[in-house]
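Data from input-v1.cif: mmCIF, C-alpha atoms
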```cif
data_my_file
#
loop_
_atom_site.label_atom_id
_atom_site.label_comp_id
_atom_site.auth_asym_id
_atom_site.auth_seq_id
_atom_site.Cartn_x
_atom_site.Cartn_y
_atom_site.Cartn_z
CA MET M 73 -0.15 -4.70 3.73
CA ARG M 74 3.29 -5.74 4.92
CA LEU M 75 4.22 -2.44 6.62
CA GLN M 76 0.84 -1.42 8.01
CA ASP M 77 1.17 1.37 10.62
CA LYS M 78 4.98 1.28 10.55
CA VAL M 79 6.90 4.57 10.43
CA ALA M 80 9.77 4.78 7.96
CA VAL M 81 12.43 7.39 7.24
CA VAL M 82 14.02 7.32 3.77
CA THR M 83 17.00 9.51 2.90
CA GLY M 84 17.79 10.49 -0.66
CA ALA M 85 14.06 10.13 -1.24
CA ALA M 86 13.49 12.90 -3.79
CA GLN M 87 14.26 10.76 -6.81
CA GLY M 88 15.51 7.44 -8.12
CA ILE M 89 15.79 4.45 -5.80
CA GLY M 90 14.96 6.45 -2.69
CA ARG M 91 11.72 7.80 -4.15
CA ALA M 92 10.71 4.35 -5.39
CA CYS M 93 11.34 2.87 -1.94
CA ALA M 94 9.37 5.62 -0.21
CA GLN M 95 6.44 5.07 -2.57
CA ARG M 96 6.47 1.31 -2.03
CA PHE M 97 6.71 1.69 1.75
CA ALA M 98 3.67 3.96 1.66
CA ALA M 99 1.79 1.57 -0.62
CA GLU M 100 2.47 -1.17 1.93
CA GLY M 101 0.86 0.89 4.69
CA ALA M 102 3.84 2.74 6.21
CA ARG M 103 3.84 6.39 7.17
CA VAL M 104 6.90 7.75 5.41
CA VAL M 105 9.25 10.64 6.16
CA LEU M 106 11.18 11.56 3.02
CA ALA M 107 14.53 13.31 3.48
CA ASP M 108 16.64 14.96 0.81
CA MET M 109 18.67 18.08 0.07
CA ASP M 110 16.55 18.87 -3.00
CA ALA M 111 13.50 20.60 -1.54
CA ASP M 112 11.60 20.95 -4.82
CA LYS M 113 11.92 17.31 -5.86
CA GLY M 114 11.36 16.19 -2.29
CA ALA M 115 8.12 18.12 -2.05
CA ARG M 116 6.93 16.61 -5.34
CA ALA M 117 7.75 13.09 -4.13
CA ASP M 118 5.88 13.79 -0.88
CA ALA M 119 2.87 15.14 -2.78
CA ALA M 120 2.80 12.11 -5.09
CA ILE M 121 2.57 9.72 -2.14
CA ARG M 122 -0.21 11.72 -0.53
CA ALA M 123 -2.07 11.99 -3.84
CA ALA M 124 -2.01 8.18 -4.01
CA GLY M 125 -3.60 7.96 -0.56
CA GLY M 126 -0.46 7.48 1.52
CA GLU M 127 0.87 9.36 4.54
CA ALA M 128 4.09 11.27 3.98
CA LEU M 129 6.18 14.17 5.25
CA PHE M 130 9.16 15.79 3.55
CA VAL M 131 12.13 17.09 5.55
CA GLN M 132 15.10 18.81 3.94
CA CYS M 133 18.21 17.22 5.44
CA ASP M 134 21.95 17.00 4.87
CA VAL M 135 22.80 13.49 6.08
CA GLY M 136 26.42 14.48 6.68
CA ASP M 137 25.39 16.95 9.39
CA LYS M 138 24.61 15.32 12.76
CA THR M 139 22.45 18.20 13.94
CA GLN M 140 20.24 17.92 10.85
CA VAL M 141 20.05 14.14 11.13
CA ASP M 142 19.00 14.31 14.77
CA GLU M 143 16.36 16.88 13.82
CA LEU M 144 15.11 14.59 11.03
CA ILE M 145 14.51 11.77 13.49
CA ARG M 146 12.89 14.14 15.99
CA LEU M 147 10.50 15.48 13.35
CA ALA M 148 9.60 11.95 12.25
CA VAL M 149 8.75 10.96 15.82
CA ASP M 150 6.90 14.22 16.48
CA ALA M 151 4.77 13.60 13.39
CA TYR M 152 4.07 9.89 13.77
CA GLY M 153 4.97 8.90 17.33
CA ARG M 154 7.72 6.37 16.69
CA LEU M 155 10.28 5.02 14.19
CA ASP M 156 10.32 1.46 12.87
CA ILE M 157 12.28 1.55 9.59
CA MET M 158 15.36 3.53 8.55
CA LEU M 159 16.48 3.40 4.92
CA SER M 160 19.82 5.19 4.51
CA ASN M 161 19.89 5.74 0.78
CA ALA M 162 21.34 9.22 0.18
CA GLY M 163 24.43 9.11 -2.01
CA VAL M 164 26.59 11.11 -4.39
CA LEU M 165 28.98 10.12 -7.18
CA HIS M 166 32.24 11.76 -8.25
CA THR M 167 33.84 10.56 -11.49
CA CYS M 168 37.52 11.25 -11.97
CA ASP M 169 40.83 9.62 -12.86
CA PHE M 170 42.37 8.29 -9.64
CA LEU M 171 45.46 10.49 -9.99
CA ASP M 172 43.32 13.61 -10.29
CA ILE M 173 40.96 13.14 -7.32
CA ALA M 174 41.00 16.24 -5.13
CA GLU M 175 40.95 15.80 -1.38
CA GLU M 176 37.80 17.87 -1.05
CA ASP M 177 35.97 15.67 -3.56
CA PHE M 178 37.00 12.50 -1.73
CA ASP M 179 35.85 14.03 1.56
CA ARG M 180 32.53 15.15 0.07
CA VAL M 181 31.66 11.64 -1.13
CA VAL M 182 32.70 10.03 2.16
CA ARG M 183 30.68 12.61 4.11
CA VAL M 184 27.44 11.64 2.37
CA ASN M 185 27.92 8.00 1.37
CA LEU M 186 29.58 6.64 4.51
CA LYS M 187 29.37 9.15 7.34
CA GLY M 188 25.75 9.83 6.40
CA VAL M 189 24.90 6.13 6.71
CA PHE M 190 26.55 6.05 10.13
CA LEU M 191 24.79 9.18 11.41
CA THR M 192 21.32 8.21 10.19
CA GLY M 193 21.71 4.62 11.35
CA GLN M 194 22.93 5.62 14.80
CA ALA M 195 20.22 8.23 15.30
CA ALA M 196 17.52 5.81 14.19
CA ALA M 197 18.88 3.02 16.37
CA ARG M 198 18.96 5.25 19.43
CA ARG M 199 15.29 6.05 18.91
CA MET M 200 14.38 2.41 18.31
CA VAL M 201 16.15 1.37 21.53
CA ALA M 202 14.47 4.15 23.53
CA GLN M 203 10.96 3.23 22.37
CA GLY M 204 11.48 -0.55 22.50
CA GLY M 205 10.19 -3.15 20.10
CA GLY M 206 13.15 -3.31 17.77
CA GLY M 207 13.22 -2.11 14.18
CA ALA M 208 14.80 -2.50 10.75
CA ILE M 209 17.68 -0.49 9.33
CA ILE M 210 18.55 -0.79 5.64
CA ASN M 211 21.72 0.70 4.15
CA MET M 212 22.11 1.28 0.42
CA SER M 213 25.33 -0.32 -0.78
CA SER M 214 26.31 -1.32 -4.34
CA VAL M 215 27.95 -4.09 -6.35
CA ASN M 216 30.89 -1.69 -6.24
CA ALA M 217 31.37 -2.60 -2.60
CA VAL M 218 33.05 -5.79 -3.87
CA MET M 219 34.06 -4.77 -7.41
CA ALA M 220 35.90 -1.67 -8.55
CA ILE M 221 35.38 0.86 -11.32
CA PRO M 222 38.63 2.85 -11.52
CA THR M 223 37.05 6.25 -12.19
CA ILE M 224 34.80 6.32 -9.10
CA ALA M 225 37.29 5.47 -6.35
CA PRO M 226 35.65 7.47 -3.51
CA TYR M 227 32.26 5.86 -4.23
CA VAL M 228 33.77 2.37 -4.35
CA ALA M 229 35.62 2.89 -1.07
CA CYS M 230 32.48 4.18 0.64
CA LYS M 231 30.31 1.27 -0.49
CA GLY M 232 32.87 -1.20 0.82
CA GLY M 233 32.67 0.67 4.09
CA VAL M 234 28.87 0.50 4.06
CA ASN M 235 29.01 -3.30 3.85
CA GLN M 236 31.27 -3.53 6.89
CA LEU M 237 29.30 -0.87 8.76
CA THR M 238 26.16 -2.91 8.11
CA LYS M 239 27.76 -5.99 9.63
CA VAL M 240 29.03 -4.25 12.74
CA MET M 241 25.71 -2.46 13.27
CA ALA M 242 23.85 -5.76 12.92
CA VAL M 243 26.02 -7.44 15.53
CA ALA M 244 25.95 -4.45 17.90
CA LEU M 245 22.18 -4.02 17.73
CA ALA M 246 20.97 -7.63 17.55
CA ASP M 247 20.28 -7.90 21.26
CA ARG M 248 18.02 -4.84 21.00
CA GLY M 249 15.88 -6.50 18.35
CA ILE M 250 17.12 -4.23 15.56
CA ARG M 251 17.97 -5.90 12.27
CA VAL M 252 20.47 -4.20 9.95
CA ASN M 253 20.91 -5.20 6.32
CA ALA M 254 22.10 -3.64 3.08
CA ILE M 255 21.06 -3.65 -0.57
CA GLY M 256 23.78 -3.70 -3.23
CA PRO M 257 22.22 -2.80 -6.59
CA GLY M 258 23.86 -3.24 -9.93
CA THR M 259 23.25 -0.61 -12.61
CA ILE M 260 19.77 0.86 -12.11
CA SER M 261 17.91 3.22 -14.42
CA THR M 262 18.25 6.29 -12.22
CA ASP M 263 19.92 9.59 -13.11
CA MET M 264 23.13 8.35 -11.49
CA GLY M 265 22.99 4.97 -13.18
CA MET M 266 22.23 6.38 -16.60
CA THR M 267 25.15 8.81 -16.29
CA MET M 268 27.40 5.75 -16.32
CA MET M 269 25.69 4.51 -19.51
CA ALA M 270 25.50 7.83 -21.33
CA ASP M 271 27.44 6.76 -24.40
CA PRO M 272 27.11 3.53 -26.41
CA GLU M 273 30.51 2.19 -25.39
CA SER M 274 29.80 2.68 -21.68
CA ARG M 275 26.41 1.01 -22.12
CA ARG M 276 28.02 -1.95 -23.87
CA ARG M 277 30.61 -2.33 -21.10
CA VAL M 278 27.91 -2.40 -18.43
CA LEU M 279 25.51 -4.74 -20.20
CA SER M 280 28.25 -7.13 -21.31
CA ARG M 281 28.80 -7.80 -17.60
CA THR M 282 25.08 -8.18 -16.82
CA PRO M 283 23.64 -11.65 -17.62
CA LEU M 284 20.04 -10.40 -17.60
CA GLY M 285 21.01 -7.96 -20.34
CA ARG M 286 19.43 -4.77 -18.99
CA ALA M 287 19.61 -2.18 -16.28
CA GLY M 288 17.38 -2.67 -13.28
CA ALA M 289 14.40 -0.49 -12.40
CA PRO M 290 14.16 1.50 -9.15
CA ASP M 291 10.99 -0.38 -8.21
CA GLU M 292 12.90 -3.67 -8.35
CA ILE M 293 15.18 -2.34 -5.62
CA ALA M 294 12.15 -1.11 -3.69
CA SER M 295 10.80 -4.67 -3.66
CA VAL M 296 13.95 -5.82 -1.86
CA ALA M 297 13.68 -2.90 0.57
CA VAL M 298 10.09 -3.81 1.45
CA PHE M 299 11.17 -7.40 2.11
CA LEU M 300 14.02 -6.31 4.39
CA ALA M 301 11.77 -3.82 6.21
CA SER M 302 9.01 -6.36 6.82
CA ASP M 303 8.62 -9.35 9.13
CA GLU M 304 9.19 -11.59 6.10
CA SER M 305 12.94 -11.09 6.73
CA SER M 306 12.72 -11.50 10.51
CA TYR M 307 15.67 -13.92 10.68
CA ILE M 308 17.96 -11.93 8.38
CA THR M 309 20.52 -9.47 9.71
CA GLY M 310 24.05 -8.42 8.78
CA GLN M 311 23.52 -9.31 5.12
CA THR M 312 23.90 -7.48 1.82
CA ILE M 313 21.45 -8.54 -0.89
CA TYR M 314 22.58 -7.88 -4.46
CA PRO M 315 19.83 -7.21 -7.03
CA ASP M 316 22.38 -6.91 -9.84
CA GLY M 317 21.06 -8.81 -12.86
CA GLY M 318 23.65 -11.52 -12.19
CA ARG M 319 26.71 -9.29 -12.43
CA LEU M 320 28.58 -10.59 -9.41
CA ALA M 321 28.16 -14.19 -10.58
CA LEU M 322 29.65 -13.53 -14.02
CA ASN M 323 33.30 -14.38 -14.79
CA TYR M 324 33.31 -13.28 -18.43
CA THR M 325 31.25 -11.07 -20.77
CA VAL M 326 28.01 -11.79 -22.61
CA PRO M 327 26.74 -10.57 -26.02
CA VAL M 328 24.92 -7.24 -26.00
CA ALA M 329 21.98 -6.53 -28.31
CA ASP M 330 22.22 -3.22 -30.13
#
```
Have the structure of the file written as structure tokens, please.
Amino acid sequence: MRLQDKVAVVTGAAQGIGRACAQRFAAEGARVVLADMDADKGARADAAIRAAGGEALFVQCDVGDKTQVDELIRLAVDAYGRLDIMLSNAGVLHTCDFLDIAEEDFDRVVRVNLKGVFLTGQAAARRMVAQGGGGAIINMSSVNAVMAIPTIAPYVACKGGVNQLTKVMAVALADRGIRVNAIGPGTISTDMGMTMMADPESRRRVLSRTPLGRAGAPDEIASVAVFLASDESSYITGQTIYPDGGRLALNYTVPVAD
């Protein structure tokens, strides 16, 4: 097992990509602390890992609140003794015409998608430095860090920020043995991803820009997360890996099967 006896914290772990990553970490031998605002879904995700023979703990946490983030890390260490892996995955989406975005909606997305990555990453790094031995921090970015969908401006801006935050964290923490990388998925078959493909025209727009011709699965992103969390990526830091079905490489559209 690639993560045997490691301790991992995963935010946004109640569903979708976060849940898939938490399950894969546990299957690879990690003890996993799942964090999310949704207590019911979080408890079910926790129970599923334990039912499969893994070790898991659910903590309800708002990643935009420093006090709650610090408590999350404290509870993880109290439960398992240390922290080796931090996956900052929690995110929200607000869809709106650019001219109609309200300030409070912009602030809400930034609070979770960018500030939350900073707070969880900093708190995890402080613990990793205090205990020694380094660690791995993984931030969830998006292809929209380098592209732009006009109706999700706050999300796009935050993911661009996540890429740069990943780089500066990697440089700042390298001498402490902490590697920091990001994952930039394309369209994935989560609740959030499927919202963007809810009608046939939206689906056609997405798939016409995706050479592999399909949405990705959460477990395909989890495979990348396991790699970045493990010693297999020991010489990789400051990078964003894009499991996107080829979208960023495409300079035109491709036929879409009905």
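Note that atom CA of Ser295 of chain M and atom CA of Val326 of chain M are 26.6 Å apart.
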Problem set entry | Radius query 8 Å about (35.8, 0.6, -3.3), atoms used: all atoms listed in the file, as an NGL selection string | :M and (216-220 or 225-232)
Seminar exercise, completed: Between atom CA of Arg146 of chain M and atom CA of Gly204 of chain M lies a distance of 16.1 Å
For this session: Name the residues that the PyMOL selection byres ((chain M and resi 193) around 12) pulls out of this structure, and write them as a PyMOL selection string.
Result: chain M and resi 81-83+135-136+138+141-142+144-145+155-161+186-192+194-200+207-212+234+237-238+240-242+244-245+250-254
Residues picked by the PyMOL selection byres ((chain M and resi 164-169) around 7) here, as a compact mmCIF listing (two decimals) with C-alpha atoms, in the frame of the given file?
```txt
# COMPACT_ATOMS: atom_id res chain seq x y z
CA GLY M 163 24.43 9.11 -2.01
CA PHE M 170 42.37 8.29 -9.64
CA LEU M 171 45.46 10.49 -9.99
CA ASP M 172 43.32 13.61 -10.29
CA ILE M 173 40.96 13.14 -7.32
CA VAL M 181 31.66 11.64 -1.13
CA VAL M 184 27.44 11.64 2.37
CA ASN M 185 27.92 8.00 1.37
CA THR M 223 37.05 6.25 -12.19
CA ILE M 224 34.80 6.32 -9.10
CA TYR M 227 32.26 5.86 -4.23
```
Exercise. Care to translate the PyMOL selection byres ((chain M and resi 104-114) around 7) into actual residues of this file, as JSON, numbers by chain?
Worked result: {"M": [79, 80, 81, 82, 83, 84, 85, 86, 94, 98, 102, 103, 115, 116, 117, 118, 127, 128, 129, 130, 131, 132, 133, 134, 148]}
Show which residues sit within 12 Å of Ile293 of chain M, as a PDB file with C-alpha atoms, keeping the file's coordinate frame. Count all atoms listed in the file, and ignore same-chain residues fewer than 3 positions away.
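Written output follows (part.pdb):
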```pdb
ATOM      1  CA  GLY M  88      15.510   7.440  -8.120  1.00  0.00           C
ATOM      2  CA  ILE M  89      15.790   4.450  -5.800  1.00  0.00           C
ATOM      3  CA  GLY M  90      14.960   6.450  -2.690  1.00  0.00           C
ATOM      4  CA  ARG M  91      11.720   7.800  -4.150  1.00  0.00           C
ATOM      5  CA  ALA M  92      10.710   4.350  -5.390  1.00  0.00           C
ATOM      6  CA  CYS M  93      11.340   2.870  -1.940  1.00  0.00           C
ATOM      7  CA  ALA M  94       9.370   5.620  -0.210  1.00  0.00           C
ATOM      8  CA  GLN M  95       6.440   5.070  -2.570  1.00  0.00           C
ATOM      9  CA  ARG M  96       6.470   1.310  -2.030  1.00  0.00           C
ATOM     10  CA  PHE M  97       6.710   1.690   1.750  1.00  0.00           C
ATOM     11  CA  ASN M 161      19.890   5.740   0.780  1.00  0.00           C
ATOM     12  CA  ILE M 210      18.550  -0.790   5.640  1.00  0.00           C
ATOM     13  CA  MET M 212      22.110   1.280   0.420  1.00  0.00           C
ATOM     14  CA  SER M 213      25.330  -0.320  -0.780  1.00  0.00           C
ATOM     15  CA  SER M 214      26.310  -1.320  -4.340  1.00  0.00           C
ATOM     16  CA  ALA M 254      22.100  -3.640   3.080  1.00  0.00           C
ATOM     17  CA  ILE M 255      21.060  -3.650  -0.570  1.00  0.00           C
ATOM     18  CA  GLY M 256      23.780  -3.700  -3.230  1.00  0.00           C
ATOM     19  CA  PRO M 257      22.220  -2.800  -6.590  1.00  0.00           C
ATOM     20  CA  GLY M 258      23.860  -3.240  -9.930  1.00  0.00           C
ATOM     21  CA  THR M 259      23.250  -0.610 -12.610  1.00  0.00           C
ATOM     22  CA  ILE M 260      19.770   0.860 -12.110  1.00  0.00           C
ATOM     23  CA  SER M 261      17.910   3.220 -14.420  1.00  0.00           C
ATOM     24  CA  THR M 262      18.250   6.290 -12.220  1.00  0.00           C
ATOM     25  CA  ALA M 287      19.610  -2.180 -16.280  1.00  0.00           C
ATOM     26  CA  GLY M 288      17.380  -2.670 -13.280  1.00  0.00           C
ATOM     27  CA  ALA M 289      14.400  -0.490 -12.400  1.00  0.00           C
ATOM     28  CA  PRO M 290      14.160   1.500  -9.150  1.00  0.00           C
ATOM     29  CA  VAL M 296      13.950  -5.820  -1.860  1.00  0.00           C
ATOM     30  CA  ALA M 297      13.680  -2.900   0.570  1.00  0.00           C
ATOM     31  CA  VAL M 298      10.090  -3.810   1.450  1.00  0.00           C
ATOM     32  CA  PHE M 299      11.170  -7.400   2.110  1.00  0.00           C
ATOM     33  CA  LEU M 300      14.020  -6.310   4.390  1.00  0.00           C
ATOM     34  CA  ILE M 313      21.450  -8.540  -0.890  1.00  0.00           C
ATOM     35  CA  TYR M 314      22.580  -7.880  -4.460  1.00  0.00           C
ATOM     36  CA  PRO M 315      19.830  -7.210  -7.030  1.00  0.00           C
ATOM     37  CA  ASP M 316      22.380  -6.910  -9.840  1.00  0.00           C
ATOM     38  CA  GLY M 317      21.060  -8.810 -12.860  1.00  0.00           C
TER      39      GLY M 317
END
```
As JSON, please report the centre and edge lengths, rounded to one decimal in Å, of the axis-aligned box that holds all listed atoms of segment 136-148 of chain M with 5 Å of padding on each of the six sides.
```
{"center_x": 18.0, "center_y": 15.0, "center_z": 11.3, "size_x": 26.8, "size_y": 16.4, "size_z": 19.3}
```
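Taking atom CA of Asp177 of chain M and atom CA of Met264 of chain M as the two end points, the separation is 16.8 Å.
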Exercise. With all atoms listed in the file as the basis for distance, which of M:Ala301, M:Ala246, M:Leu322, M:Ile308 is at the shortest distance from Pro283 of chain M?
Worked result: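 Smallest distance to Pro283 of chain M is found for M:Leu322.
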Problem set entry | Counting all atoms listed in the file, the residue of M:Ser306, M:Thr312, M:Asn235, M:Ser280 that sits nearest Asp330 of chain M | M:Ser280
For this session: May I ask which of the residues M:Arg180, M:Gln140, M:Arg277, M:Ser302 is the closest one to Asp77 of chain M, counting only C-alpha atoms?
Result: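 So, comparing all the options, the nearest one is M:Ser302.
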Residue completion, segment 209-223 of chain M, N, CA and C atoms, as a PDB file, keeping the file's coordinate frame:
```pdb
ATOM      1  N   ILE M 209      16.840  -1.493   9.980  1.00  0.00           N
ATOM      2  CA  ILE M 209      17.680  -0.490   9.330  1.00  0.00           C
ATOM      3  C   ILE M 209      18.212  -1.091   8.037  1.00  0.00           C
ATOM      4  N   ILE M 210      18.089  -0.327   6.959  1.00  0.00           N
ATOM      5  CA  ILE M 210      18.550  -0.790   5.640  1.00  0.00           C
ATOM      6  C   ILE M 210      19.512   0.250   5.088  1.00  0.00           C
ATOM      7  N   ASN M 211      20.706  -0.185   4.724  1.00  0.00           N
ATOM      8  CA  ASN M 211      21.720   0.700   4.150  1.00  0.00           C
ATOM      9  C   ASN M 211      21.855   0.424   2.655  1.00  0.00           C
ATOM     10  N   MET M 212      21.965   1.478   1.859  1.00  0.00           N
ATOM     11  CA  MET M 212      22.110   1.280   0.420  1.00  0.00           C
ATOM     12  C   MET M 212      23.591   1.150   0.070  1.00  0.00           C
ATOM     13  N   SER M 213      23.966  -0.040  -0.356  1.00  0.00           N
ATOM     14  CA  SER M 213      25.330  -0.320  -0.780  1.00  0.00           C
ATOM     15  C   SER M 213      25.354  -0.363  -2.313  1.00  0.00           C
ATOM     16  N   SER M 214      26.154  -1.253  -2.888  1.00  0.00           N
ATOM     17  CA  SER M 214      26.310  -1.320  -4.340  1.00  0.00           C
ATOM     18  C   SER M 214      27.128  -2.561  -4.668  1.00  0.00           C
ATOM     19  N   VAL M 215      27.018  -3.046  -5.903  1.00  0.00           N
ATOM     20  CA  VAL M 215      27.950  -4.090  -6.350  1.00  0.00           C
ATOM     21  C   VAL M 215      29.381  -3.588  -6.279  1.00  0.00           C
ATOM     22  N   ASN M 216      29.544  -2.260  -6.309  1.00  0.00           N
ATOM     23  CA  ASN M 216      30.890  -1.690  -6.240  1.00  0.00           C
ATOM     24  C   ASN M 216      31.494  -1.733  -4.846  1.00  0.00           C
ATOM     25  N   ALA M 217      30.765  -2.306  -3.896  1.00  0.00           N
ATOM     26  CA  ALA M 217      31.370  -2.600  -2.600  1.00  0.00           C
ATOM     27  C   ALA M 217      32.363  -3.749  -2.711  1.00  0.00           C
ATOM     28  N   VAL M 218      32.175  -4.619  -3.720  1.00  0.00           N
ATOM     29  CA  VAL M 218      33.050  -5.790  -3.870  1.00  0.00           C
ATOM     30  C   VAL M 218      33.762  -5.810  -5.228  1.00  0.00           C
ATOM     31  N   MET M 219      33.352  -4.945  -6.145  1.00  0.00           N
ATOM     32  CA  MET M 219      34.060  -4.770  -7.410  1.00  0.00           C
ATOM     33  C   MET M 219      34.676  -3.379  -7.412  1.00  0.00           C
ATOM     34  N   ALA M 220      35.306  -3.000  -8.500  1.00  0.00           N
ATOM     35  CA  ALA M 220      35.900  -1.670  -8.550  1.00  0.00           C
ATOM     36  C   ALA M 220      35.853  -1.116  -9.965  1.00  0.00           C
ATOM     37  N   ILE M 221      35.290   0.089 -10.087  1.00  0.00           N
ATOM     38  CA  ILE M 221      35.380   0.860 -11.320  1.00  0.00           C
ATOM     39  C   ILE M 221      36.433   1.948 -11.074  1.00  0.00           C
ATOM     40  N   PRO M 222      37.491   2.009 -11.865  1.00  0.00           N
ATOM     41  CA  PRO M 222      38.630   2.850 -11.520  1.00  0.00           C
ATOM     42  C   PRO M 222      38.350   4.349 -11.475  1.00  0.00           C
ATOM     43  N   THR M 223      37.300   4.810 -12.144  1.00  0.00           N
ATOM     44  CA  THR M 223      37.050   6.250 -12.190  1.00  0.00           C
ATOM     45  C   THR M 223      36.120   6.754 -11.093  1.00  0.00           C
TER      46      THR M 223
END
```
